[in-house]
>>> print(open('query_25.cif').read())   # mmCIF, C-alpha atoms
data_work
#
loop_
_atom_site.label_atom_id
_atom_site.label_comp_id
_atom_site.auth_asym_id
_atom_site.auth_seq_id
_atom_site.Cartn_x
_atom_site.Cartn_y
_atom_site.Cartn_z
CA MET A 1 83.34 240.64 40.39
CA GLN A 2 80.75 243.25 39.46
CA PRO A 3 81.21 246.89 40.61
CA GLY A 4 79.53 247.67 43.91
CA ARG A 5 80.05 244.17 45.32
CA VAL A 6 83.65 244.55 46.43
CA GLY A 7 84.04 244.04 50.17
CA LYS A 8 80.41 243.01 50.68
CA SER A 9 79.46 240.43 53.29
CA VAL A 10 78.08 236.99 52.49
CA PRO A 11 74.44 237.98 53.28
CA GLU A 12 74.73 241.05 51.04
CA LEU A 13 76.20 238.99 48.20
CA LEU A 14 73.45 236.40 48.58
CA LEU A 15 70.84 239.19 48.46
CA PHE A 16 72.40 240.49 45.23
CA THR A 17 72.15 236.98 43.81
CA LEU A 18 68.50 236.52 44.80
CA GLU A 19 67.63 239.90 43.30
CA GLU A 20 68.80 238.57 39.93
CA LEU A 21 66.25 235.75 40.08
CA LYS A 22 62.88 236.13 38.44
CA LYS A 23 59.80 235.66 40.59
CA GLY A 24 59.29 232.05 39.53
CA ASP A 25 62.95 231.18 40.03
CA PHE A 26 62.91 232.84 43.45
CA GLN A 27 59.99 230.61 44.51
CA ARG A 28 61.87 227.58 43.17
CA PHE A 29 64.91 228.66 45.19
CA LYS A 30 62.86 228.72 48.42
CA TRP A 31 61.28 225.31 47.87
CA PRO A 32 64.40 223.21 48.76
CA LEU A 33 64.80 225.22 51.97
CA ASN A 34 61.62 223.54 53.20
CA ASN A 35 62.97 220.10 52.28
CA SER A 36 66.65 220.36 53.27
CA VAL A 37 68.50 219.31 50.12
CA LEU A 38 71.78 218.94 52.06
CA ASP A 39 72.47 216.35 54.72
CA GLY A 40 73.09 217.88 58.13
CA PHE A 41 70.98 220.99 57.45
CA CYS A 42 67.55 221.28 59.01
CA HIS A 43 64.63 222.45 56.90
CA ILE A 44 62.98 225.83 57.39
CA PRO A 45 59.24 225.68 58.11
CA LYS A 46 57.18 226.58 55.06
CA ALA A 47 55.21 229.20 56.98
CA GLN A 48 58.37 231.26 57.56
CA LEU A 49 59.20 231.47 53.85
CA GLU A 50 55.81 231.39 52.17
CA HIS A 51 55.35 235.16 51.78
CA THR A 52 58.89 236.42 52.42
CA GLU A 53 60.76 238.67 50.06
CA ARG A 54 64.41 238.27 49.17
CA GLU A 55 65.92 240.26 52.04
CA ASP A 56 63.83 238.47 54.67
CA THR A 57 64.69 235.14 53.07
CA VAL A 58 68.40 235.91 53.44
CA ASP A 59 67.92 236.83 57.12
CA ILE A 60 66.02 233.60 57.81
CA MET A 61 68.70 231.54 56.05
CA VAL A 62 71.49 233.17 58.06
CA GLN A 63 69.60 232.49 61.31
CA ALA A 64 68.93 228.88 60.32
CA TYR A 65 72.27 227.88 58.80
CA GLU A 66 74.69 230.56 60.03
CA LEU A 67 77.27 232.00 57.68
CA LYS A 68 79.16 228.72 57.31
CA GLY A 69 76.07 227.00 55.89
CA VAL A 70 74.41 229.77 53.88
CA VAL A 71 76.92 229.72 51.03
CA ARG A 72 76.99 225.96 50.75
CA MET A 73 73.19 225.66 50.80
CA SER A 74 72.77 228.48 48.25
CA LEU A 75 75.35 227.00 45.87
CA GLU A 76 73.68 223.59 46.05
CA ILE A 77 70.23 225.01 45.27
CA LEU A 78 71.47 227.22 42.41
CA ARG A 79 73.25 224.29 40.80
CA LYS A 80 70.19 222.07 41.12
CA MET A 81 68.29 224.85 39.32
CA ASN A 82 70.97 224.79 36.57
CA LEU A 83 71.89 228.38 37.40
CA ASN A 84 75.58 227.57 37.30
CA ILE A 85 76.68 231.08 36.31
CA LEU A 86 75.03 232.61 39.38
CA ALA A 87 76.45 229.81 41.54
CA GLU A 88 80.00 230.36 40.31
CA ARG A 89 79.68 234.12 40.74
CA LEU A 90 78.35 233.77 44.30
CA GLN A 91 81.13 231.34 45.15
CA THR A 92 83.85 233.62 43.76
CA GLU A 93 82.43 236.82 45.26
CA SER A 94 81.83 235.27 48.68
CA LEU A 95 85.40 234.00 48.77
CA SER A 96 86.72 237.43 47.75
CA GLY A 97 84.51 239.12 50.33
CA ILE A 98 85.74 236.82 53.07
CA LEU A 99 89.38 237.41 52.18
CA SER A 100 88.75 241.17 52.05
CA SER A 101 87.07 241.23 55.46
CA CYS A 102 89.86 239.14 56.93
CA TYR A 103 92.38 241.64 55.54
CA VAL A 104 90.49 244.46 57.24
CA VAL A 105 90.61 242.62 60.57
CA ILE A 106 94.34 241.94 60.23
CA ALA A 107 95.07 245.52 59.14
CA SER A 108 93.15 246.93 62.11
CA VAL A 109 95.28 245.11 64.67
CA LYS A 110 97.91 247.46 66.14
CA PRO A 111 101.24 246.30 67.61
CA VAL A 112 101.56 246.38 71.38
CA CYS A 113 104.15 248.75 72.82
CA LYS A 114 107.09 247.06 74.55
CA ASN A 115 106.95 249.51 77.42
CA THR A 116 103.74 248.02 78.75
CA GLY A 117 104.43 249.13 82.32
CA GLU A 118 104.33 252.82 81.47
CA ARG A 119 101.24 252.42 79.24
CA ARG A 120 99.37 250.70 82.07
CA LYS A 121 100.18 253.61 84.35
CA GLU A 122 98.87 256.13 81.83
CA ARG A 123 95.63 254.30 80.97
CA ASN A 124 92.72 254.08 83.31
CA VAL A 125 90.53 251.04 83.93
CA LEU A 126 87.77 252.24 81.59
CA PHE A 127 90.13 252.57 78.64
CA ALA A 128 91.55 249.11 79.33
CA GLY A 129 88.03 247.70 79.32
CA GLU A 130 87.30 249.33 75.99
CA GLU A 131 90.52 247.90 74.52
CA MET A 132 89.61 244.42 75.79
CA GLN A 133 86.16 244.68 74.23
CA LYS A 134 87.72 245.72 70.92
CA VAL A 135 90.10 242.74 71.01
CA GLN A 136 87.18 240.41 71.70
CA GLN A 137 85.27 241.88 68.75
CA ASP A 138 88.30 241.42 66.50
CA GLN A 139 88.65 237.82 67.66
CA SER A 140 84.96 237.16 66.99
CA CYS A 141 85.28 238.66 63.53
CA SER A 142 88.35 236.49 62.90
CA VAL A 143 86.39 233.38 63.85
CA VAL A 144 83.55 234.37 61.52
CA CYS A 145 86.05 235.05 58.73
CA THR A 146 87.64 231.64 59.25
CA GLU A 147 84.26 229.90 59.15
CA GLU A 148 83.20 231.82 56.03
CA LEU A 149 86.52 231.07 54.35
CA GLN A 150 86.26 227.36 55.13
CA THR A 151 82.66 227.31 53.89
CA ALA A 152 83.56 229.08 50.64
CA LEU A 153 86.60 226.87 50.08
CA LYS A 154 84.76 223.60 50.71
CA PRO A 155 83.03 223.49 47.26
CA LEU A 156 86.38 224.28 45.65
CA GLN A 157 88.02 221.47 47.61
CA GLU A 158 85.24 219.08 46.61
CA LYS A 159 85.61 220.13 42.96
CA LEU A 160 89.39 219.63 43.22
CA GLU A 161 88.83 216.14 44.63
CA ASP A 162 86.42 215.35 41.78
CA LEU A 163 88.96 216.61 39.23
CA ASN A 164 91.68 214.48 40.82
CA ILE A 165 89.43 211.42 40.61
CA ILE A 166 88.63 212.19 36.96
CA LYS A 167 92.34 212.68 36.21
CA GLN A 168 93.18 209.39 37.90
CA THR A 169 90.49 207.64 35.86
CA CYS A 170 91.79 209.22 32.64
CA ASP A 171 95.35 208.15 33.50
CA GLN A 172 94.18 204.60 34.12
CA THR A 173 92.20 204.60 30.87
CA ALA A 174 95.18 205.93 28.91
CA GLU A 175 97.41 203.25 30.44
CA HIS A 176 94.84 200.59 29.58
CA ILE A 177 94.61 201.85 25.98
CA LYS A 178 98.40 201.78 25.67
CA SER A 179 98.62 198.26 27.12
CA GLN A 180 95.76 197.06 24.90
CA ALA A 181 97.46 198.52 21.80
CA GLN A 182 100.74 196.81 22.68
CA THR A 183 98.96 193.48 23.19
CA THR A 184 97.09 193.80 19.89
CA GLU A 185 100.30 194.73 18.06
CA ARG A 186 102.04 191.66 19.48
CA GLN A 187 99.14 189.44 18.44
CA ILE A 188 99.18 190.88 14.90
CA ARG A 189 102.92 190.27 14.59
CA GLU A 190 102.56 186.71 15.87
CA ALA A 191 99.68 186.04 13.46
CA PHE A 192 101.68 187.31 10.47
CA GLU A 193 104.76 185.38 11.58
CA ASN A 194 102.67 182.20 11.78
CA LEU A 195 101.14 182.98 8.40
CA HIS A 196 104.58 183.61 6.91
CA GLN A 197 105.86 180.33 8.34
CA PHE A 198 102.83 178.48 6.96
CA LEU A 199 103.30 180.01 3.51
CA GLN A 200 107.00 179.19 3.55
CA GLU A 201 106.29 175.58 4.47
CA GLU A 202 103.56 175.42 1.81
CA GLU A 203 105.95 176.86 -0.77
CA ASP A 204 108.66 174.35 0.11
CA ALA A 205 106.19 171.45 0.00
CA ARG A 206 104.82 172.42 -3.40
CA ILE A 207 108.27 172.95 -4.90
CA ALA A 208 109.37 169.57 -3.54
CA ALA A 209 106.26 167.92 -5.03
CA LEU A 210 106.90 169.65 -8.35
CA ARG A 211 110.50 168.44 -8.46
CA GLU A 212 109.45 164.93 -7.53
CA GLU A 213 106.87 164.96 -10.34
CA GLU A 214 109.51 166.30 -12.73
CA GLU A 215 111.89 163.51 -11.74
CA GLN A 216 109.25 160.84 -12.24
CA LYS A 217 108.27 162.14 -15.68
CA SER A 218 111.90 162.53 -16.70
CA GLN A 219 112.63 158.97 -15.59
CA LEU A 220 109.66 157.74 -17.61
CA MET A 221 110.88 159.62 -20.70
CA ARG A 222 114.38 158.19 -20.31
CA GLN A 223 112.92 154.70 -20.17
CA LYS A 224 110.88 155.37 -23.31
CA ILE A 225 113.92 156.72 -25.11
CA GLU A 226 115.95 153.67 -24.12
CA GLU A 227 113.23 151.34 -25.40
CA ILE A 228 112.99 153.21 -28.69
CA SER A 229 116.76 153.18 -29.02
CA ARG A 230 116.82 149.40 -28.55
CA ASP A 231 114.06 148.98 -31.10
CA ILE A 232 116.01 151.05 -33.62
CA ILE A 233 119.14 148.97 -33.10
CA THR A 234 117.17 145.76 -33.49
CA PHE A 235 115.47 147.06 -36.64
CA ARG A 236 118.81 148.01 -38.22
CA HIS A 237 120.37 144.67 -37.32
CA THR A 238 117.46 142.82 -38.92
CA GLN A 239 117.65 144.97 -42.02
CA SER A 240 121.35 144.32 -42.51
CA HIS A 241 120.98 140.55 -42.05
CA PRO A 242 117.84 139.50 -43.93
#
>>> encode(input="query_25.cif", output="structure tokens")
Amino acid sequence: MQPGRVGKSVPELLLFTLEELKKGDFQRFKWPLNNSVLDGFCHIPKAQLEHTEREDTVDIMVQAYELKGVVRMSLEILRKMNLNILAERLQTESLSGILSSCYVVIASVKPVCKNTGERRKERNVLFAGEEMQKVQQDQSCSVVCTEELQTALKPLQEKLEDLNIIKQTCDQTAEHIKSQAQTTERQIREAFENLHQFLQEEEDARIAALREEEEQKSQLMRQKIEEISRDIITFRHTQSHP
């Protein structure tokens, strides 16, 4: 948080933010206010904002949307203008300002004396009325603080919900990738096992065919040798007995 903004109220913080806008950006900021960019928020008539400066614009926004809507509307417009740095700063500072003001309210509350009977005797009716008015003011301030806190926390809650959805999607995607990898690995192993089985069967078939061919050729050679051997015997017998 920048110096000089500590403990400031939401309207003051919004005014600081608008003062950082250039003239053209300030006019662009006012345009959505005439068109109600958020559901549930009424638009502000163009005539009320046409020639207003930054401080008057803040006052009109507070009157139209109250404190609980001013922060949300401003954050939405700044983000639509792609002024995310200003939006984040306003969100952080408004939350810090709300917490600080709530601390002031809590710190200002004094404990009640147990001996209430004696205190009532010592105080007059006027003083009691003043104390009651002070309590009512503190209660009103507490309500405003609660509304401002809820308003400032709502964008954070929405962002947290978005992050949870993104995380859930990432978890599902990671699980899908893991499952897909396991399925592909199983398919690759099955394909190579089938290929290995096919090659083994092909190897066995070719070796069997080779051995069968060898046996056939060897049988043929044995027959040839036997025929030649018989011819030799016959030739010798004829030669010895002319």
>>> atom_distance(input="query_25.cif", atom1="atom CA of A:Leu18", atom2="atom CA of A:Lys159")
23.8 Å
>>> residues_around(input="query_25.cif", residues="A:Pro45", least_positions_apart="3", cutoff="12 Å", atoms="all atoms listed in the file", output="VMD selection string")
chain A and resid 30 to 36 42 48 to 50 60 to 61 64
>>> atom_distance(input="query_25.cif", atom1="atom CA of A:Arg89", atom2="atom CA of A:Pro155")
12.9 Å
>>> residues_around(input="query_25.cif", residues="A:Glu19", least_positions_apart="4", cutoff="10 Å", atoms="all atoms listed in the file", output="PyMOL selection string")
chain A and resi 13-15+23+26+53-55
>>> closest_residue(input="query_25.cif", among="A:Arg222, A:Lys46, A:Thr238, A:Thr92", to="A:Thr151", atoms="only C-alpha atoms")
A:Thr92
>>> atom_distance(input="query_25.cif", atom1="atom CA of A:Asp56", atom2="atom CA of A:Ile77")
17.6 Å
>>> closest_residue(input="query_25.cif", among="A:Ser94, A:Asn84, A:Gln197, A:Gln157", to="A:Ser9", atoms="all atoms listed in the file")
A:Ser94
>>> residues_around(input="query_25.cif", residues="A:Thr17", least_positions_apart="3", cutoff="12 Å", atoms="all atoms listed in the file", output="PyMOL selection string")
chain A and resi 2+5+10-14+20-22+25-26+29+54-55+58+71+74-75+78+83-91+93-94
>>> closest_residue(input="query_25.cif", among="A:Ile44, A:Ala152, A:Leu163, A:Ala209", to="A:Tyr65", atoms="all atoms listed in the file")
A:Ile44
